[in-house]
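Enquirer: Dropping in final_16.pdb, which is PDB, C-alpha atoms and all ligand atoms:
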ATOM      1  CA  MET H  12     152.672 169.423  22.159  1.00  0.00           C
ATOM      2  CA  PRO H  13     153.814 170.404  25.667  1.00  0.00           C
ATOM      3  CA  ALA H  14     156.952 168.946  27.236  1.00  0.00           C
ATOM      4  CA  ILE H  15     156.954 165.168  27.159  1.00  0.00           C
ATOM      5  CA  ALA H  16     157.032 163.258  30.420  1.00  0.00           C
ATOM      6  CA  TRP H  17     158.767 159.958  31.003  1.00  0.00           C
ATOM      7  CA  SER H  18     156.594 157.233  32.419  1.00  0.00           C
ATOM      8  CA  ASN H  19     156.822 153.502  32.910  1.00  0.00           C
ATOM      9  CA  GLU H  20     155.110 152.825  29.617  1.00  0.00           C
ATOM     10  CA  PHE H  21     158.436 153.825  27.992  1.00  0.00           C
ATOM     11  CA  SER H  22     160.550 151.487  30.068  1.00  0.00           C
ATOM     12  CA  VAL H  23     162.038 148.765  27.886  1.00  0.00           C
ATOM     13  CA  GLY H  24     163.187 146.875  30.968  1.00  0.00           C
ATOM     14  CA  VAL H  25     166.904 147.453  30.353  1.00  0.00           C
ATOM     15  CA  GLU H  26     168.230 150.042  32.773  1.00  0.00           C
ATOM     16  CA  ALA H  27     171.046 151.365  30.584  1.00  0.00           C
ATOM     17  CA  LEU H  28     168.636 151.952  27.701  1.00  0.00           C
ATOM     18  CA  ASP H  29     166.008 153.538  29.932  1.00  0.00           C
ATOM     19  CA  THR H  30     168.612 155.952  31.313  1.00  0.00           C
ATOM     20  CA  GLN H  31     169.652 156.978  27.807  1.00  0.00           C
ATOM     21  CA  HIS H  32     166.048 157.292  26.650  1.00  0.00           C
ATOM     22  CA  ARG H  33     165.292 159.540  29.624  1.00  0.00           C
ATOM     23  CA  ARG H  34     168.192 161.735  28.597  1.00  0.00           C
ATOM     24  CA  LEU H  35     166.717 161.951  25.097  1.00  0.00           C
ATOM     25  CA  PHE H  36     163.411 163.059  26.613  1.00  0.00           C
ATOM     26  CA  ASP H  37     165.340 165.733  28.528  1.00  0.00           C
ATOM     27  CA  VAL H  38     167.088 167.059  25.427  1.00  0.00           C
ATOM     28  CA  VAL H  39     163.842 167.119  23.430  1.00  0.00           C
ATOM     29  CA  ASN H  40     162.295 169.044  26.340  1.00  0.00           C
ATOM     30  CA  GLU H  41     165.228 171.461  26.274  1.00  0.00           C
ATOM     31  CA  LEU H  42     164.367 172.040  22.636  1.00  0.00           C
ATOM     32  CA  ASP H  43     160.754 172.686  23.631  1.00  0.00           C
ATOM     33  CA  GLU H  44     161.891 175.201  26.223  1.00  0.00           C
ATOM     34  CA  ALA H  45     164.208 176.950  23.777  1.00  0.00           C
ATOM     35  CA  ILE H  46     161.288 177.319  21.376  1.00  0.00           C
ATOM     36  CA  GLU H  47     158.584 178.310  23.865  1.00  0.00           C
ATOM     37  CA  LYS H  48     160.768 180.771  25.737  1.00  0.00           C
ATOM     38  CA  LEU H  49     162.008 182.223  22.469  1.00  0.00           C
ATOM     39  CA  ARG H  50     165.620 181.621  23.337  1.00  0.00           C
ATOM     40  CA  GLY H  51     166.589 182.417  19.775  1.00  0.00           C
ATOM     41  CA  GLN H  52     168.027 180.622  16.835  1.00  0.00           C
ATOM     42  CA  ARG H  53     171.541 180.196  18.222  1.00  0.00           C
ATOM     43  CA  VAL H  54     170.353 178.427  21.379  1.00  0.00           C
ATOM     44  CA  THR H  55     167.815 176.327  19.503  1.00  0.00           C
ATOM     45  CA  THR H  56     170.405 175.240  16.967  1.00  0.00           C
ATOM     46  CA  GLY H  57     172.761 174.429  19.849  1.00  0.00           C
ATOM     47  CA  VAL H  58     170.141 172.156  21.424  1.00  0.00           C
ATOM     48  CA  LEU H  59     169.603 170.421  18.081  1.00  0.00           C
ATOM     49  CA  ARG H  60     173.375 169.855  17.845  1.00  0.00           C
ATOM     50  CA  GLU H  61     173.341 168.346  21.311  1.00  0.00           C
ATOM     51  CA  LEU H  62     170.427 166.155  20.282  1.00  0.00           C
ATOM     52  CA  VAL H  63     172.279 164.892  17.203  1.00  0.00           C
ATOM     53  CA  GLY H  64     175.421 164.172  19.239  1.00  0.00           C
ATOM     54  CA  TYR H  65     173.705 162.366  22.065  1.00  0.00           C
ATOM     55  CA  THR H  66     171.352 160.494  19.742  1.00  0.00           C
ATOM     56  CA  GLN H  67     174.289 159.211  17.713  1.00  0.00           C
ATOM     57  CA  GLU H  68     176.005 157.951  20.855  1.00  0.00           C
ATOM     58  CA  HIS H  69     172.824 156.298  22.058  1.00  0.00           C
ATOM     59  CA  PHE H  70     172.095 154.672  18.698  1.00  0.00           C
ATOM     60  CA  ALA H  71     175.629 153.298  18.506  1.00  0.00           C
ATOM     61  CA  PHE H  72     175.159 151.742  21.952  1.00  0.00           C
ATOM     62  CA  GLU H  73     171.803 150.245  21.014  1.00  0.00           C
ATOM     63  CA  GLU H  74     173.057 148.882  17.703  1.00  0.00           C
ATOM     64  CA  GLN H  75     176.033 147.317  19.439  1.00  0.00           C
ATOM     65  CA  LEU H  76     173.671 145.498  21.806  1.00  0.00           C
ATOM     66  CA  MET H  77     171.582 144.358  18.866  1.00  0.00           C
ATOM     67  CA  ALA H  78     174.632 143.093  17.000  1.00  0.00           C
ATOM     68  CA  GLU H  79     175.879 141.209  20.056  1.00  0.00           C
ATOM     69  CA  ALA H  80     172.450 139.678  20.586  1.00  0.00           C
ATOM     70  CA  GLY H  81     172.157 138.701  16.915  1.00  0.00           C
ATOM     71  CA  TYR H  82     168.908 140.681  16.711  1.00  0.00           C
ATOM     72  CA  PRO H  83     167.386 139.890  13.306  1.00  0.00           C
ATOM     73  CA  ASP H  84     165.747 143.303  12.836  1.00  0.00           C
ATOM     74  CA  LEU H  85     169.012 145.179  13.308  1.00  0.00           C
ATOM     75  CA  PRO H  86     169.206 146.391   9.673  1.00  0.00           C
ATOM     76  CA  ALA H  87     165.660 147.795   9.723  1.00  0.00           C
ATOM     77  CA  HIS H  88     166.132 149.374  13.143  1.00  0.00           C
ATOM     78  CA  GLN H  89     169.469 150.815  12.053  1.00  0.00           C
ATOM     79  CA  ALA H  90     167.797 152.305   8.972  1.00  0.00           C
ATOM     80  CA  GLN H  91     165.282 154.084  11.231  1.00  0.00           C
ATOM     81  CA  HIS H  92     168.139 155.458  13.309  1.00  0.00           C
ATOM     82  CA  ARG H  93     169.968 156.744  10.237  1.00  0.00           C
ATOM     83  CA  ALA H  94     166.808 158.336   8.873  1.00  0.00           C
ATOM     84  CA  ILE H  95     166.016 160.280  12.050  1.00  0.00           C
ATOM     85  CA  ILE H  96     169.602 161.558  12.346  1.00  0.00           C
ATOM     86  CA  GLN H  97     169.397 162.811   8.772  1.00  0.00           C
ATOM     87  CA  LYS H  98     166.063 164.427   9.540  1.00  0.00           C
ATOM     88  CA  ILE H  99     167.373 166.240  12.613  1.00  0.00           C
ATOM     89  CA  GLU H 100     170.372 167.460  10.619  1.00  0.00           C
ATOM     90  CA  ARG H 101     168.008 168.634   7.894  1.00  0.00           C
ATOM     91  CA  PHE H 102     165.954 170.533  10.503  1.00  0.00           C
ATOM     92  CA  GLU H 103     169.106 172.159  11.770  1.00  0.00           C
ATOM     93  CA  TYR H 104     169.945 173.261   8.251  1.00  0.00           C
ATOM     94  CA  GLU H 105     166.428 174.643   7.704  1.00  0.00           C
ATOM     95  CA  LEU H 106     166.494 176.418  11.042  1.00  0.00           C
ATOM     96  CA  ASN H 107     169.663 178.163   9.969  1.00  0.00           C
ATOM     97  CA  GLY H 108     168.271 179.045   6.588  1.00  0.00           C
ATOM     98  CA  GLU H 109     164.658 179.955   7.278  1.00  0.00           C
ATOM     99  CA  GLY H 110     164.774 181.098  10.841  1.00  0.00           C
ATOM    100  CA  TYR H 111     162.364 180.209  13.563  1.00  0.00           C
ATOM    101  CA  ARG H 112     159.199 179.419  11.661  1.00  0.00           C
ATOM    102  CA  ILE H 113     159.601 175.657  11.467  1.00  0.00           C
ATOM    103  CA  SER H 114     160.746 174.994  15.010  1.00  0.00           C
ATOM    104  CA  ARG H 115     157.363 174.010  16.519  1.00  0.00           C
ATOM    105  CA  GLU H 116     156.779 171.501  13.748  1.00  0.00           C
ATOM    106  CA  VAL H 117     160.240 170.116  14.358  1.00  0.00           C
ATOM    107  CA  ARG H 118     159.635 169.771  18.053  1.00  0.00           C
ATOM    108  CA  ASP H 119     156.261 168.069  17.541  1.00  0.00           C
ATOM    109  CA  PHE H 120     157.786 165.668  15.066  1.00  0.00           C
ATOM    110  CA  LEU H 121     160.719 164.762  17.322  1.00  0.00           C
ATOM    111  CA  GLN H 122     158.515 164.269  20.366  1.00  0.00           C
ATOM    112  CA  GLN H 123     156.250 161.958  18.424  1.00  0.00           C
ATOM    113  CA  TRP H 124     159.135 160.067  16.849  1.00  0.00           C
ATOM    114  CA  LEU H 125     160.900 159.513  20.164  1.00  0.00           C
ATOM    115  CA  MET H 126     157.828 158.203  21.959  1.00  0.00           C
ATOM    116  CA  THR H 127     156.758 155.945  19.100  1.00  0.00           C
ATOM    117  CA  HIS H 128     160.253 154.597  18.471  1.00  0.00           C
ATOM    118  CA  ILE H 129     160.838 153.683  22.110  1.00  0.00           C
ATOM    119  CA  ALA H 130     157.370 152.292  22.761  1.00  0.00           C
ATOM    120  CA  ARG H 131     157.315 150.184  19.598  1.00  0.00           C
ATOM    121  CA  ASP H 132     160.771 149.492  18.147  1.00  0.00           C
ATOM    122  CA  ASP H 133     163.081 149.628  21.151  1.00  0.00           C
ATOM    123  CA  MET H 134     160.526 147.699  23.165  1.00  0.00           C
ATOM    124  CA  ALA H 135     160.538 144.946  20.539  1.00  0.00           C
ATOM    125  CA  PHE H 136     164.319 144.769  20.623  1.00  0.00           C
ATOM    126  CA  ALA H 137     164.622 144.833  24.403  1.00  0.00           C
ATOM    127  CA  GLY H 138     161.985 142.116  24.639  1.00  0.00           C
ATOM    128  CA  ALA H 139     164.128 139.945  22.380  1.00  0.00           C
ATOM    129  CA  LEU H 140     167.238 140.312  24.549  1.00  0.00           C
ATOM    130  CA  ALA H 141     168.052 137.393  26.736  1.00  0.00           C
ATOM    131  CA  PRO H 142     167.426 138.323  30.391  1.00  0.00           C
ATOM    132  CA  GLY H 143     170.537 139.437  32.235  1.00  0.00           C
ATOM    133  CA  LYS H 144     172.460 139.976  29.024  1.00  0.00           C
ATOM    134  CA  VAL H 145     172.805 143.709  29.477  1.00  0.00           C
ATOM    135  CA  LYS H 146     174.659 145.135  32.430  1.00  0.00           C
ATOM    136  CA  ALA H 147     172.948 148.309  33.502  1.00  0.00           C
TER     137      ALA H 147
HETATM  138 FE    FE H 201     166.221 152.528  18.735  1.00  0.00          FE
END
Take the structure in the file and write it out as structure tokens.

Expert:
Amino acid sequence: MPAIAWSNEFSVGVEALDTQHRRLFDVVNELDEAIEKLRGQRVTTGVLRELVGYTQEHFAFEEQLMAEAGYPDLPAHQAQHRAIIQKIERFEYELNGEGYRISREVRDFLQQWLMTHIARDDMAFAGALAPGKVKA
């Protein structure tokens, strides 16, 4: 899959979340660039580290909002967050162990996950937030 482009279909209507989601698109695209331009394992692993770090920050923010809003699907959403973090960390481990072979699969998977998660799960959550509850 080529680089993924942000568009309005991914807007959940909460500015702070949209800004963070855009940043996630950017980091996933940095991963794409590292792979396509053959930047090497060290750079690619570095981008994956950045992705884990930023994703964890973003998830913590989102889960905080959900907790404050009393969002009933918080446990299920949180479980999805935990699972993807574990998956990215697993990819990082495999990248270190097996070299470059898996990186396109990883990128395709992450692109797909990010777009689906925002368009379906984050959208559902943001839709459940009371208007004006989140300061952007
Ligand atoms: Fe989420």

Enquirer: Care to translate the PyMOL selection byres (((chain H and resi 86-102) around 10) and not hetatm) into actual residues of this file, as a VMD selection string?

Expert: chain H and resid 56 59 to 60 62 to 64 66 to 67 69 to 71 73 to 74 77 to 78 82 to 85 103 to 108 113 to 114 116 to 118 120 to 121 124 to 125 128 132 to 133 136

Enquirer: Looking at H:Gln31, H:Thr55, H:Ser18, H:Gln123, which one is nearest to ligand FE 201 (chain H), with distances taken over only C-alpha atoms and all ligand atoms?

Expert: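 Closest candidate: H:Gln31.
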
Enquirer: Find the residue from H:Glu61, H:Glu47, H:Glu68, H:Asp119 that sits nearest to ligand FE 201 (chain H); use all atoms listed in the file when measuring.

Expert: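 Closest candidate: H:Glu68.
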
Enquirer: Find the distance between CA of Val58 (chain H) and CA of Met126 (chain H) and write it in Å to one decimal.

Expert: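 Pair CA of Val58 (chain H) / CA of Met126 (chain H) returns 18.6 Å.
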
Enquirer: Figure out the distance between CA of Val38 (chain H) and CA of Ala80 (chain H), please, to one decimal in Å.

Expert: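 Separation between CA of Ala80 (chain H) and CA of Val38 (chain H): 28.3 Å.
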
Enquirer: Which value, in Å to one decimal, gives the distance between CA of Gln122 (chain H) and CA of Thr30 (chain H)?

Expert: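 Computing the Euclidean distance for CA of Gln122 (chain H) and CA of Thr30 (chain H) yields 17.1 Å.
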
Enquirer: Taking all atoms listed in the file into account, name the residue in H:Ala139, H:Lys48, H:Thr127, H:Asp37 that is nearest to ligand FE 201 (chain H).

Expert: H:Thr127

Enquirer: Show which residues sit within 10 Å of Ile129 (chain H), as a list of chain:residue names. Count only C-alpha atoms, and ignore same-chain residues fewer than 4 positions away.

Expert: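 Returned residues: H:Glu20, H:Phe21, H:Ser22, H:Val23, H:Leu28, H:Asp29, H:His32, H:Trp124, H:Leu125, H:Asp133, H:Met134, H:Ala135, H:Phe136, H:Ala137.
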
Enquirer: Which is closer to ligand FE 201 (chain H) than all the others in H:Glu79, H:Arg115, H:Leu35, H:Glu44, using only C-alpha atoms and all ligand atoms?

Expert: H:Leu35

Enquirer: So, counting only C-alpha atoms and all ligand atoms, which residue among H:Val39, H:Ala14, H:Ala130, H:Ile46 is closest to ligand FE 201 (chain H)?

Expert: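 Closest residue, counting only C-alpha atoms and all ligand atoms: H:Ala130.
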